[in-house]
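K.L.:
What follows is the file model-v4.tsv, containing TSV, C-alpha atoms:
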```tsv
chain	number	residue	atom	x	y	z
A	280	MET	CA	46.48	216.30	1.37
A	281	MET	CA	44.37	216.18	4.56
A	282	GLY	CA	41.72	218.35	2.93
A	283	TYR	CA	41.61	216.02	-0.05
A	284	LEU	CA	41.19	213.02	2.25
A	285	ALA	CA	38.41	214.77	4.19
A	286	ARG	CA	36.48	215.56	1.02
A	287	ARG	CA	36.83	211.99	-0.23
A	288	LEU	CA	35.68	210.56	3.13
A	289	VAL	CA	32.59	212.79	3.15
A	290	SER	CA	31.80	211.68	-0.41
A	291	LEU	CA	32.25	208.04	0.65
A	292	ALA	CA	29.87	208.43	3.60
A	293	LEU	CA	27.19	210.13	1.47
A	294	SER	CA	27.49	207.41	-1.16
A	295	LEU	CA	26.96	204.72	1.47
A	296	VAL	CA	23.86	206.46	2.85
A	297	VAL	CA	22.31	206.81	-0.62
A	298	ALA	CA	23.23	203.23	-1.53
A	299	SER	CA	21.68	201.83	1.65
A	300	ALA	CA	18.41	203.64	0.99
A	301	VAL	CA	18.28	202.45	-2.63
A	302	ILE	CA	19.08	198.84	-1.67
A	303	PHE	CA	16.39	198.80	1.03
A	304	LEU	CA	13.74	200.31	-1.24
A	305	VAL	CA	14.50	197.98	-4.16
A	306	VAL	CA	14.47	194.86	-1.99
A	307	GLU	CA	11.35	195.91	-0.09
A	308	VAL	CA	9.28	196.62	-3.21
A	309	ALA	CA	10.22	193.28	-4.79
A	310	PRO	CA	7.16	191.01	-5.12
A	311	GLY	CA	6.63	188.11	-2.75
A	312	ASP	CA	6.35	187.66	1.01
A	313	PRO	CA	9.27	185.86	2.69
A	314	ALA	CA	6.98	184.39	5.36
A	315	SER	CA	4.56	182.96	2.80
A	316	PHE	CA	7.49	181.64	0.75
A	317	MET	CA	9.01	179.88	3.76
A	318	LEU	CA	5.73	178.29	4.93
A	319	GLY	CA	4.41	177.33	1.51
A	320	MET	CA	1.24	178.06	-0.39
A	321	ASN	CA	-1.03	176.11	1.97
A	322	ALA	CA	-0.01	177.88	5.18
A	323	GLN	CA	-2.72	179.29	7.41
A	324	PRO	CA	-2.99	183.09	7.60
A	325	ASP	CA	-2.44	183.15	11.38
A	326	THR	CA	0.72	181.06	10.96
A	327	VAL	CA	2.01	183.44	8.31
A	328	ALA	CA	1.19	186.42	10.54
A	329	ALA	CA	3.04	184.84	13.47
A	330	LEU	CA	6.13	184.24	11.35
A	331	ARG	CA	6.00	187.79	9.98
A	332	SER	CA	5.94	189.07	13.55
A	333	GLU	CA	8.86	186.83	14.51
A	334	LEU	CA	10.87	188.08	11.54
A	335	ARG	CA	9.85	191.69	12.33
A	336	LEU	CA	8.33	192.04	8.87
A	337	ASP	CA	5.24	193.65	10.38
A	338	LEU	CA	7.14	196.75	11.48
A	339	PRO	CA	6.91	199.99	9.46
A	340	PRO	CA	9.51	200.20	6.66
A	341	VAL	CA	11.26	203.24	8.18
A	342	GLN	CA	11.66	201.48	11.51
A	343	ARG	CA	13.02	198.38	9.82
A	344	TYR	CA	15.44	200.48	7.76
A	345	LEU	CA	16.78	202.29	10.82
A	346	ALA	CA	17.09	199.02	12.75
A	347	TRP	CA	18.94	197.44	9.82
A	348	ILE	CA	21.38	200.36	9.46
A	349	GLY	CA	21.93	200.60	13.21
A	350	GLY	CA	22.61	196.88	13.41
A	351	MET	CA	25.12	196.98	10.55
A	352	MET	CA	26.99	199.86	12.18
A	353	THR	CA	27.43	197.71	15.31
A	354	GLY	CA	28.31	194.54	13.40
A	355	ASP	CA	24.86	192.95	13.73
A	356	PHE	CA	23.65	192.12	10.21
A	357	GLY	CA	20.56	190.26	11.40
A	358	VAL	CA	19.54	186.62	11.20
A	359	SER	CA	18.85	184.79	7.94
A	360	TYR	CA	15.19	183.92	7.45
A	361	THR	CA	16.03	180.68	5.64
A	362	TYR	CA	19.08	179.34	7.47
A	363	ARG	CA	18.24	180.83	10.90
A	364	ALA	CA	21.91	181.75	11.26
A	365	PRO	CA	23.54	185.15	11.81
A	366	VAL	CA	24.20	186.87	8.50
A	367	ALA	CA	27.58	188.07	9.77
A	368	GLN	CA	28.65	184.48	10.34
A	369	MET	CA	27.48	183.44	6.88
A	370	VAL	CA	29.31	186.36	5.27
A	371	ALA	CA	32.50	185.60	7.22
A	372	GLU	CA	32.43	182.03	5.93
A	373	ARG	CA	31.75	183.01	2.32
A	374	VAL	CA	34.24	185.89	2.15
A	375	GLN	CA	37.02	183.38	2.90
A	376	VAL	CA	36.36	182.10	-0.61
A	377	SER	CA	35.40	185.23	-2.55
A	378	LEU	CA	38.16	187.55	-1.33
A	379	PRO	CA	41.11	185.17	-1.97
A	380	LEU	CA	39.57	184.28	-5.33
A	381	ALA	CA	39.31	187.96	-6.32
A	382	LEU	CA	42.85	188.74	-5.13
A	383	LEU	CA	44.31	185.70	-6.88
A	384	ALA	CA	42.49	186.50	-10.13
A	385	LEU	CA	43.53	190.16	-9.98
A	386	GLY	CA	47.14	189.20	-9.27
A	387	LEU	CA	47.19	186.83	-12.24
A	388	ALA	CA	45.64	189.52	-14.45
A	389	VAL	CA	48.32	192.05	-13.47
A	390	VAL	CA	51.17	189.56	-13.92
A	391	ILE	CA	49.92	188.74	-17.42
A	392	ALA	CA	48.82	192.21	-18.52
A	393	LEU	CA	51.75	194.40	-17.49
A	394	PRO	CA	54.46	192.63	-19.53
A	395	ALA	CA	52.07	192.17	-22.45
A	396	GLY	CA	51.06	195.84	-22.50
A	397	ILE	CA	54.65	197.07	-22.21
A	398	VAL	CA	55.90	194.75	-24.96
A	399	ALA	CA	53.05	195.76	-27.27
A	400	ALA	CA	53.59	199.49	-26.71
A	401	THR	CA	57.37	199.38	-27.12
A	402	HIS	CA	57.11	197.23	-30.28
A	403	ARG	CA	54.20	199.06	-31.87
A	404	GLY	CA	53.32	197.72	-35.32
A	405	LYS	CA	55.70	194.77	-35.07
A	406	ALA	CA	54.99	191.08	-34.65
A	407	ALA	CA	54.99	191.23	-30.84
A	408	ASP	CA	52.44	194.05	-30.87
A	409	LEU	CA	50.20	192.27	-33.36
A	410	GLY	CA	50.39	189.08	-31.32
A	411	VAL	CA	49.41	190.85	-28.07
A	412	VAL	CA	46.56	192.74	-29.77
A	413	GLY	CA	45.20	189.54	-31.30
A	414	ALA	CA	45.45	187.68	-27.99
A	415	THR	CA	43.69	190.47	-26.11
A	416	GLN	CA	40.87	190.60	-28.66
A	417	LEU	CA	40.39	186.88	-28.20
A	418	GLY	CA	40.50	187.23	-24.41
A	419	VAL	CA	37.83	189.94	-24.42
A	420	ALA	CA	35.58	188.00	-26.81
A	421	ILE	CA	35.56	184.66	-24.97
A	422	PRO	CA	32.94	184.44	-22.16
A	423	ASN	CA	34.61	183.54	-18.88
A	424	PHE	CA	32.03	180.85	-18.00
A	425	TRP	CA	32.66	179.09	-21.34
A	426	PHE	CA	36.40	179.34	-20.77
A	427	ALA	CA	35.86	177.99	-17.24
A	428	MET	CA	34.12	174.90	-18.60
A	429	LEU	CA	36.99	174.34	-21.04
A	430	LEU	CA	39.42	174.50	-18.14
A	431	VAL	CA	37.37	171.94	-16.23
A	432	LEU	CA	37.25	169.59	-19.22
A	433	LEU	CA	41.00	169.81	-19.83
A	434	PHE	CA	42.65	170.15	-16.44
A	435	ALA	CA	40.07	168.47	-14.19
A	436	LEU	CA	38.45	165.71	-16.23
A	437	LYS	CA	41.18	164.82	-18.74
A	438	LEU	CA	44.50	165.62	-17.05
A	439	ARG	CA	43.13	165.39	-13.47
A	440	TRP	CA	45.52	168.07	-12.22
A	441	PHE	CA	42.76	169.96	-10.40
A	442	SER	CA	39.37	169.18	-8.93
A	443	ALA	CA	36.27	169.99	-10.97
A	444	GLY	CA	34.72	172.04	-8.20
A	445	GLY	CA	34.13	172.55	-4.51
A	446	PHE	CA	36.22	174.17	-1.81
A	447	PRO	CA	37.92	172.09	0.93
A	448	GLY	CA	38.47	174.97	3.33
A	449	TRP	CA	41.65	176.60	4.58
A	450	SER	CA	42.67	173.79	6.93
A	451	ASP	CA	44.90	172.68	4.04
A	452	PRO	CA	46.11	175.90	2.33
A	453	VAL	CA	47.71	174.03	-0.58
A	454	MET	CA	44.47	172.24	-1.48
A	455	ALA	CA	42.48	175.44	-0.95
A	456	LEU	CA	44.67	177.42	-3.35
A	457	LYS	CA	44.61	174.53	-5.79
A	458	SER	CA	40.80	174.53	-5.79
A	459	LEU	CA	40.80	178.29	-6.53
A	460	THR	CA	43.36	178.11	-9.35
A	461	LEU	CA	41.05	177.22	-12.23
A	462	PRO	CA	38.33	179.73	-11.21
A	463	ALA	CA	41.00	182.42	-10.81
A	464	VAL	CA	42.43	181.70	-14.26
A	465	ALA	CA	38.94	181.77	-15.79
A	466	LEU	CA	38.32	185.18	-14.21
A	467	ALA	CA	41.82	186.57	-14.77
A	468	LEU	CA	42.39	186.08	-18.50
A	469	PRO	CA	39.51	188.30	-19.75
A	470	GLN	CA	40.50	190.96	-17.21
A	471	ALA	CA	44.15	190.68	-18.25
A	472	ALA	CA	43.15	191.24	-21.88
A	473	ILE	CA	41.32	194.46	-20.97
A	474	LEU	CA	44.14	195.67	-18.74
A	475	ALA	CA	46.80	194.96	-21.37
A	476	ARG	CA	44.90	196.91	-24.04
A	477	VAL	CA	44.47	199.90	-21.71
A	478	LEU	CA	48.14	199.87	-20.72
A	479	ARG	CA	49.24	199.58	-24.34
A	480	SER	CA	47.13	202.56	-25.43
A	481	SER	CA	48.23	204.66	-22.45
A	482	LEU	CA	51.91	203.90	-22.97
A	483	ILE	CA	51.76	204.65	-26.70
A	484	ASP	CA	50.37	208.11	-25.88
A	485	ILE	CA	52.97	208.69	-23.15
A	486	LEU	CA	55.95	207.62	-25.30
A	487	SER	CA	55.25	210.47	-27.73
A	488	GLU	CA	55.14	213.17	-25.02
A	489	ASP	CA	57.77	215.92	-24.84
A	490	PHE	CA	58.99	214.98	-21.34
A	491	MET	CA	59.89	211.49	-22.63
A	492	ARG	CA	62.01	212.98	-25.42
A	493	THR	CA	63.60	215.34	-22.90
A	494	ALA	CA	64.55	212.40	-20.66
A	495	ARG	CA	66.12	210.64	-23.64
A	496	ALA	CA	68.00	213.81	-24.57
A	497	LYS	CA	69.49	213.95	-21.06
A	498	GLY	CA	71.13	210.60	-21.62
A	499	LEU	CA	68.64	208.04	-20.28
A	500	SER	CA	68.26	204.87	-22.28
A	501	ARG	CA	64.91	203.88	-23.75
A	502	ARG	CA	64.42	201.28	-21.02
A	503	GLN	CA	65.32	203.73	-18.22
A	504	THR	CA	62.99	206.37	-19.64
A	505	LEU	CA	60.16	203.87	-19.85
A	506	TRP	CA	60.51	202.55	-16.29
A	507	ARG	CA	61.36	205.85	-14.55
A	508	HIS	CA	58.91	208.17	-16.29
A	509	GLY	CA	56.67	206.51	-18.85
A	510	LEU	CA	55.17	203.70	-16.82
A	511	ARG	CA	54.29	205.91	-13.86
A	512	ALA	CA	52.62	208.47	-16.10
A	513	ALA	CA	50.61	205.72	-17.80
A	514	LEU	CA	49.28	204.30	-14.52
A	515	ILE	CA	46.23	206.56	-14.11
A	516	PRO	CA	43.91	204.73	-16.56
A	517	VAL	CA	45.44	201.40	-15.46
A	518	LEU	CA	44.56	202.12	-11.82
A	519	THR	CA	41.01	202.97	-12.86
A	520	ILE	CA	40.64	199.62	-14.59
A	521	LEU	CA	42.21	197.78	-11.65
A	522	GLY	CA	39.73	199.31	-9.22
A	523	LEU	CA	36.79	198.38	-11.42
A	524	GLN	CA	38.16	194.90	-12.00
A	525	PHE	CA	38.61	194.13	-8.31
A	526	SER	CA	35.05	195.25	-7.61
A	527	PHE	CA	33.79	193.05	-10.43
A	528	LEU	CA	35.84	190.06	-9.31
A	529	LEU	CA	34.62	190.37	-5.73
A	530	ALA	CA	30.95	190.98	-6.45
A	531	GLY	CA	30.41	189.67	-9.96
A	532	ALA	CA	31.86	186.17	-9.93
A	533	ILE	CA	28.43	184.56	-9.45
A	534	ILE	CA	28.54	182.49	-12.64
A	535	ILE	CA	32.08	181.24	-12.01
A	536	GLU	CA	31.15	180.30	-8.45
A	537	GLN	CA	28.21	178.34	-9.82
A	538	VAL	CA	30.39	176.55	-12.40
A	539	PHE	CA	32.95	175.49	-9.78
A	540	PHE	CA	30.46	175.05	-6.88
A	541	LEU	CA	32.32	177.57	-4.75
A	542	PRO	CA	30.55	178.75	-1.57
A	543	GLY	CA	31.31	182.43	-2.12
A	544	LEU	CA	29.42	185.69	-1.67
A	545	GLY	CA	28.07	185.61	-5.21
A	546	ARG	CA	26.48	182.21	-4.73
A	547	LEU	CA	25.14	183.25	-1.32
A	548	ILE	CA	23.34	186.29	-2.67
A	549	PHE	CA	22.00	184.29	-5.63
A	550	GLN	CA	20.52	181.70	-3.27
A	551	ALA	CA	19.14	184.42	-1.00
A	552	ILE	CA	17.33	186.09	-3.90
A	553	THR	CA	15.71	182.83	-5.02
A	554	GLN	CA	14.62	182.11	-1.42
A	555	ARG	CA	13.37	185.66	-0.74
A	556	ASP	CA	15.76	185.94	2.22
A	557	LEU	CA	15.55	189.73	2.38
A	558	ILE	CA	17.94	190.38	5.24
A	559	VAL	CA	20.70	188.37	3.55
A	560	VAL	CA	20.13	190.13	0.22
A	561	GLU	CA	20.18	193.58	1.83
A	562	SER	CA	23.18	192.98	4.08
A	563	VAL	CA	25.39	191.19	1.54
A	564	THR	CA	24.56	193.72	-1.18
A	565	MET	CA	25.37	196.56	1.19
A	566	LEU	CA	28.69	194.96	2.09
A	567	LEU	CA	29.55	194.56	-1.59
A	568	VAL	CA	28.61	198.19	-2.25
A	569	PHE	CA	30.84	199.25	0.63
A	570	ALA	CA	33.67	197.17	-0.84
A	571	VAL	CA	33.22	198.81	-4.25
A	572	ILE	CA	33.14	202.33	-2.78
A	573	ALA	CA	36.15	201.60	-0.56
A	574	VAL	CA	38.11	200.27	-3.54
A	575	ASN	CA	37.25	203.40	-5.51
A	576	PHE	CA	38.42	205.50	-2.55
A	577	LEU	CA	41.74	203.64	-2.45
A	578	THR	CA	42.00	204.03	-6.22
A	579	ASP	CA	41.63	207.80	-5.83
A	580	LEU	CA	44.45	207.76	-3.27
A	581	ALA	CA	46.56	205.76	-5.71
A	582	TYR	CA	45.86	208.45	-8.35
A	583	VAL	CA	47.26	211.09	-6.02
A	584	ALA	CA	50.32	208.96	-5.28
A	585	ALA	CA	50.94	208.48	-8.99
A	586	ASP	CA	50.27	212.13	-9.91
A	587	PRO	CA	50.33	214.67	-6.99
A	588	ARG	CA	48.80	217.34	-9.24
A	589	LEU	CA	45.43	215.58	-8.85
A	590	ARG	CA	45.20	216.73	-5.22
A	591	ARG	CA	43.94	220.06	-6.53
```
As structure tokens, what does this structure read like?

P.N.:
Amino acid sequence: MMGYLARRLVSLALSLVVASAVIFLVVEVAPGDPASFMLGMNAQPDTVAALRSELRLDLPPVQRYLAWIGGMMTGDFGVSYTYRAPVAQMVAERVQVSLPLALLALGLAVVIALPAGIVAATHRGKAADLGVVGATQLGVAIPNFWFAMLLVLLFALKLRWFSAGGFPGWSDPVMALKSLTLPAVALALPQAAILARVLRSSLIDILSEDFMRTARAKGLSRRQTLWRHGLRAALIPVLTILGLQFSFLLAGAIIIEQVFFLPGLGRLIFQAITQRDLIVVESVTMLLVFAVIAVNFLTDLAYVAADPRLRR
């Protein structure tokens, strides 16, 4: 087990190094000068040069890359060109929205998908199965931003149960969770549809395996066989989808954050790109890449816990 962990950690470190180099190169070759953008089209060349020197944009790319990586390793993500605030502080404020939103949406997706997938697999070809399959097809087909606007129209504007947007902060946890409910539902239902379909397919394959028939022959009921043996064996593809979904919910909720005016990481990086705030784009993107790689690492560990044979 320790050897497996060591190999996975080395792979994680190499992935981070490659990702940091790619992010820096892509951002650096993007057209436009942040100093010229900040000062406007009519700025004098000497003023632009002074600002470039202040922002350390006049340094060689390799030196800037090493300074950026060294700073991130010590917790110094730099200072935003636009807001003149530490990037670490901005990220800490925005992650208080994005991380709870992703966790809430993922939790809702699991709560919806697991019972639906189990019911569909155990009642294959019957009305319950057809109903779950039809609902999941609809959930996959509906765009989450369109569904989010429907939720706003119904629950915020008509029924007035929730606010239409914004985030009040965590000083009042009840209001904070209430403001994240509609965005979480909008993100969760499409993911729940995908997860339910994967679980249904995996369970249908597992239920026809020889070890399931052997468990039944030893006297276990259908329900006991399903919960003790079938569900655990069907978790490998489900864990894969869960890892991908959490990464998507954390880094890819930009449109939902725009619809609900949530000050999350997605909205921060979108604003930084439009303002050519390179240090924010690089640092936030690198943090999101680290989150994705870390989630994949934890998913691999979950694979091993579900099936110890994968350690080999």

K.L.:
Could you tell me which of A:Gly282, A:Ser290, A:Val327, A:Gln416 comes closest to Ile572 in chain A if we count only C-alpha atoms?

P.N.:
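Looking at the shortest contact to Ile572 in chain A, the residue is A:Ser290.
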
K.L.:
Considering only C-alpha atoms, state which residue in the set A:Ile535, A:Gly410, A:Val419, A:Pro394 is at the smallest distance from Leu461 in chain A.

P.N.:
A:Ile535

K.L.:
Neighbourhood query: residues within 12 Å of (37.8, 172.4, -4.5), file coordinates, counting only C-alpha atoms; return as a PDB file with C-alpha atoms, keeping the file's coordinate frame.

P.N.:
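In the end it all went to out_23.pdb:
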```
ATOM      1  CA  VAL A 376      36.360 182.100  -0.610  1.00  0.00           C
ATOM      2  CA  VAL A 431      37.370 171.940 -16.230  1.00  0.00           C
ATOM      3  CA  ALA A 435      40.070 168.470 -14.190  1.00  0.00           C
ATOM      4  CA  TRP A 440      45.520 168.070 -12.220  1.00  0.00           C
ATOM      5  CA  PHE A 441      42.760 169.960 -10.400  1.00  0.00           C
ATOM      6  CA  SER A 442      39.370 169.180  -8.930  1.00  0.00           C
ATOM      7  CA  ALA A 443      36.270 169.990 -10.970  1.00  0.00           C
ATOM      8  CA  GLY A 444      34.720 172.040  -8.200  1.00  0.00           C
ATOM      9  CA  GLY A 445      34.130 172.550  -4.510  1.00  0.00           C
ATOM     10  CA  PHE A 446      36.220 174.170  -1.810  1.00  0.00           C
ATOM     11  CA  PRO A 447      37.920 172.090   0.930  1.00  0.00           C
ATOM     12  CA  GLY A 448      38.470 174.970   3.330  1.00  0.00           C
ATOM     13  CA  TRP A 449      41.650 176.600   4.580  1.00  0.00           C
ATOM     14  CA  ASP A 451      44.900 172.680   4.040  1.00  0.00           C
ATOM     15  CA  PRO A 452      46.110 175.900   2.330  1.00  0.00           C
ATOM     16  CA  VAL A 453      47.710 174.030  -0.580  1.00  0.00           C
ATOM     17  CA  MET A 454      44.470 172.240  -1.480  1.00  0.00           C
ATOM     18  CA  ALA A 455      42.480 175.440  -0.950  1.00  0.00           C
ATOM     19  CA  LEU A 456      44.670 177.420  -3.350  1.00  0.00           C
ATOM     20  CA  LYS A 457      44.610 174.530  -5.790  1.00  0.00           C
ATOM     21  CA  SER A 458      40.800 174.530  -5.790  1.00  0.00           C
ATOM     22  CA  LEU A 459      40.800 178.290  -6.530  1.00  0.00           C
ATOM     23  CA  THR A 460      43.360 178.110  -9.350  1.00  0.00           C
ATOM     24  CA  LEU A 461      41.050 177.220 -12.230  1.00  0.00           C
ATOM     25  CA  PRO A 462      38.330 179.730 -11.210  1.00  0.00           C
ATOM     26  CA  GLU A 536      31.150 180.300  -8.450  1.00  0.00           C
ATOM     27  CA  VAL A 538      30.390 176.550 -12.400  1.00  0.00           C
ATOM     28  CA  PHE A 539      32.950 175.490  -9.780  1.00  0.00           C
ATOM     29  CA  PHE A 540      30.460 175.050  -6.880  1.00  0.00           C
ATOM     30  CA  LEU A 541      32.320 177.570  -4.750  1.00  0.00           C
ATOM     31  CA  PRO A 542      30.550 178.750  -1.570  1.00  0.00           C
TER      32      PRO A 542
END
```

K.L.:
Mind checking which residues fall within 12 Å of Ala407 in chain A, counting only C-alpha atoms, ignoring those fewer than 6 positions away in the same chain, and posting them as a list in words?

P.N.:
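So the residues in contact are Pro394, Ala395, Gly396, Ile397, Val398, Ala399, Ala400, Thr401, Gly413 and Ala414 of chain A.
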
K.L.:
Find the smallest box with edges along x, y and z containing every listed atom of range 544-554 of chain A, then add 6 Å on each side and report centre and edge lengths in Å to one decimal, as AutoDock Vina command-line options.

P.N.:
```
--center_x 22.0 --center_y 184.0 --center_z -3.3 --size_x 26.8 --size_y 16.6 --size_z 16.6
```

K.L.:
Find the residues around Val559 in chain A up to 12 Å (all atoms listed in the file counted), leave out those fewer than 2 positions away in its own chain, and share them as an NGL selection string.

P.N.:
:A and (302-303 or 306 or 313 or 347 or 351 or 355-370 or 544-557 or 561-567)

K.L.:
Counting only C-alpha atoms, what is within 10 Å of Leu474 in chain A, bar same-chain residues fewer than 6 positions away, as a PyMOL selection string?

P.N.:
chain A and resi 388-389+391-393+395-396+415+468+516-521+524

K.L.:
I want to know what sits within 9 Å of Val574 in chain A, based on only C-alpha atoms, with residues of the same chain fewer than 6 positions away left out; could you give that as a list in words?

P.N.:
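That gives Gly522, Leu523, Phe525 and Ser526 of chain A.
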
K.L.:
As a PyMOL selection string, please: the residues near Ala384 in chain A (cut-off 7 Å, all atoms listed in the file, same-chain neighbours under 3 positions excluded).

P.N.:
chain A and resi 380-381+387-388+463-464+466-467

K.L.:
In Å, with one decimal, what is the gap from CA of Leu284 in chain A to CA of Asp579 in chain A?

P.N.:
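It comes out at 9.6 Å.
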
K.L.:
For Trp425 in chain A, which residue among A:Ile534, A:Val297, A:Leu385, A:Val560 is the nearest when counting all atoms listed in the file?

P.N.:
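The closest residue to Trp425 in chain A is A:Ile534.
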
K.L.:
Using only C-alpha atoms, can you tell me which of A:His402, A:Leu430, A:Phe424, A:Gly418 comes closest to Arg476 in chain A?

P.N.:
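For Arg476 in chain A, the nearest of the given residues is A:Gly418.
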
K.L.:
Can you tell me how far CA of Ala471 in chain A sits from CA of Glu372 in chain A, in Å to one decimal?

P.N.:
28.2 Å

K.L.:
Which residue out of A:Leu577, A:Leu529, A:Val412, A:Ala570 has the minimum interatomic distance to Leu288 in chain A when all atoms listed in the file are used?

P.N.:
A:Leu577

K.L.:
Just how far from CA of Ile485 in chain A is CA of Gly509 in chain A, in Å to one decimal?

P.N.:
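Here the two named atoms are 6.1 Å from each other.
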
K.L.:
Measuring atom to atom with only C-alpha atoms, identify which of A:Val301, A:Leu336, A:Ala420, A:Ala322 is nearest to Ala472 in chain A.

P.N.:
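Nearest to Ala472 in chain A: A:Ala420.
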